[in-house]
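Engineer: Below is a structure I'd like to ask you about.
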Amino acid sequence: MAGRKKFVAGVVLGAVLAFPALAAQDIALKAADRAAVVRTLAEKMNANYIEPAVAERVGSAIARKNAEGGYASAASAQAFSAVLAQDLRTLSGDLHFGAMLDEGFRERGNAAEVPTRARMDEAREQTERWGYGIGKVERLPGNVGYIELRGFGRTEFVGPAYSAAMSLMAGTEALILDLRRNGGGSPASVAYLMSHFFPFGDERHLIDIYNRPTDTTRQIFTVATVAQRYDKPVYVLTSARTFSGGEDFSYSIQAQKRGTVVGETTGGGSNPVGRFSVGQGIVVVIPTSRTTNFVTKTNWEHVGVKPDIAVPAAQALQTAHVTILRKLVSSEKDGDERKELQRVLTMAEKGESDKPVYTLRGEP
């Protein structure tokens, strides 16, 4: 589409999810090794972190702690990466920061990391073993659809699975999308799933992602080629654990006035990331970008997504189901259907459901 800016950094909300770290051999570190890592980390943050003032403050705090011997007990690369990850998150307040060992990572400056065939094969295999992030697909009593989605993997891997799951929901009266355990992932996959909830031809501008290292912006729209569409009510379940891409979907479904969010305020992480080598096999995940919702002109960083119906996460599914059933009962014109829906509603309000029957008809 005309006017869209080219985005060359290629970062995603869940870089670690998209390209899983390969196991690396842990090595012993000397004080000079840790000092070199700290210096490189400060340089990489100052050049790439989306908030330059925060990068300088955090880098100085980590350097000061190292000079005072605060990392002396981190005698290995694995131990040092773990404590660095914790300090980066605590000092910055940005939960997208991370650090790990990754033997196969090769930094490519501002260009997108081009994965090897082995890493792509591993990512595909892990995505398949992970069930494409889909934890459960079910029809609840009252013909209400339910999909639990744990994360947003690479679109080329998970997109067909999303559409397959949505095809099973085609005949339902409403859909509950459970993101209570969703930790994030690719913004392109968020957009791909979101595309199922708008009519053909209704292309929506969802978010813009500004990347500081390249000074470029990526505009993300719904995907016109998605074939399966769903026009019934949509309810999204959230928890304090819902993060990053899970928040992106929840925030956009609200902003586009396409769904109702039920549950708890989410974790509050909206800054997409890049990965950088800081030496000794340690790779640091640094938030390099800022997400801006096209409708609200802001995001959910530090504040999370506020639910439309606020309830504890453990009660969110029952609350959404009961809300849907009440609306179905009130709109049903057929007397017998209304009576059956009322029976289902009464059971749902009590947290009950019909037990399956495994005997032949006519047997006691």
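Just so we're on the same page: first chain in the structure tokens is A, next is B, and so on; residues restart at 1 for each chain, and ligands are numbered from 1 in the order they show up.
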Could you list, as a ChimeraX atom specification, every residue within 6 Å of region 205-220 of chain A, counting only C-alpha atoms and ignoring same-chain residues fewer than 3 positions away?

Structural biologist: /A:5,7,48,50,288-294

Engineer: How would the residues just picked look written out with N, CA and C atoms as a PDB file, in the first residue's frame?

Structural biologist:
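The file below, again.pdb, is the result:
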```pdb
ATOM      1  N   LYS A   5       6.195   2.789   5.007  1.00  0.00           N
ATOM      2  CA  LYS A   5       7.640   2.913   5.036  1.00  0.00           C
ATOM      3  C   LYS A   5       8.293   1.545   5.139  1.00  0.00           C
ATOM      4  N   PHE A   7      10.647  -1.215   6.488  1.00  0.00           N
ATOM      5  CA  PHE A   7      11.192  -1.531   7.812  1.00  0.00           C
ATOM      6  C   PHE A   7      12.261  -2.595   7.631  1.00  0.00           C
ATOM      7  N   ASN A  48      21.050   1.522  20.834  1.00  0.00           N
ATOM      8  CA  ASN A  48      19.863   0.840  20.310  1.00  0.00           C
ATOM      9  C   ASN A  48      18.595   0.912  21.156  1.00  0.00           C
ATOM     10  N   ILE A  50      15.292   1.958  22.909  1.00  0.00           N
ATOM     11  CA  ILE A  50      14.315   2.935  22.431  1.00  0.00           C
ATOM     12  C   ILE A  50      14.256   4.194  23.301  1.00  0.00           C
ATOM     13  N   THR A 288      14.276  -2.222  21.074  1.00  0.00           N
ATOM     14  CA  THR A 288      14.802  -1.237  20.121  1.00  0.00           C
ATOM     15  C   THR A 288      13.708  -0.371  19.499  1.00  0.00           C
ATOM     16  N   SER A 289      12.453  -0.727  19.753  1.00  0.00           N
ATOM     17  CA  SER A 289      11.361  -0.112  18.992  1.00  0.00           C
ATOM     18  C   SER A 289      10.224   0.326  19.893  1.00  0.00           C
ATOM     19  N   ARG A 290       9.357   1.141  19.329  1.00  0.00           N
ATOM     20  CA  ARG A 290       8.172   1.616  20.044  1.00  0.00           C
ATOM     21  C   ARG A 290       6.931   1.317  19.215  1.00  0.00           C
ATOM     22  N   THR A 291       5.936   0.709  19.838  1.00  0.00           N
ATOM     23  CA  THR A 291       4.665   0.421  19.181  1.00  0.00           C
ATOM     24  C   THR A 291       3.676   1.549  19.435  1.00  0.00           C
ATOM     25  N   THR A 292       2.993   1.970  18.387  1.00  0.00           N
ATOM     26  CA  THR A 292       1.942   2.986  18.521  1.00  0.00           C
ATOM     27  C   THR A 292       0.684   2.462  17.852  1.00  0.00           C
ATOM     28  N   ASN A 293      -0.394   2.369  18.610  1.00  0.00           N
ATOM     29  CA  ASN A 293      -1.659   1.937  18.032  1.00  0.00           C
ATOM     30  C   ASN A 293      -2.198   3.021  17.121  1.00  0.00           C
ATOM     31  N   PHE A 294      -2.657   2.633  15.938  1.00  0.00           N
ATOM     32  CA  PHE A 294      -3.089   3.617  14.947  1.00  0.00           C
ATOM     33  C   PHE A 294      -4.303   4.408  15.415  1.00  0.00           C
TER      34      PHE A 294
END
```

Engineer: Which neighbours of Ser250 (chain A) fall inside 9 Å, counting only C-alpha atoms, when residues of the same chain fewer than 2 positions from it are skipped, and could you give them as a VMD selection string?

Structural biologist: chain A and resid 179 236 to 238 245 to 248 252 to 255 259 to 261 305 307

Engineer: Among region 17-182 of chain A, which ones does DSSP place in helix (DSSP H, G or I), written as a count of residues only?

Structural biologist: 82

Engineer: Using only C-alpha atoms for the distances, tell me which of A:Gln315, A:Gln25, A:Asn66, A:Thr222 is nearest to Ser189 (chain A).

Structural biologist: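 Using only C-alpha atoms, Ser189 (chain A) sits closest to A:Thr222.
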
Engineer: Counting only C-alpha atoms, which of A:Arg275, A:Arg204, A:Arg180, A:Arg64 gets nearest to Val295 (chain A)?

Structural biologist: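 Of the candidates, the smallest distance to Val295 (chain A) is held by A:Arg204.
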
Engineer: Quick one: of A:Val158, A:Ala47, A:Ala310, A:Ala42, who's nearest to Ala63 (chain A), counting only C-alpha atoms?

Structural biologist: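 Smallest distance to Ala63 (chain A) is found for A:Ala42.
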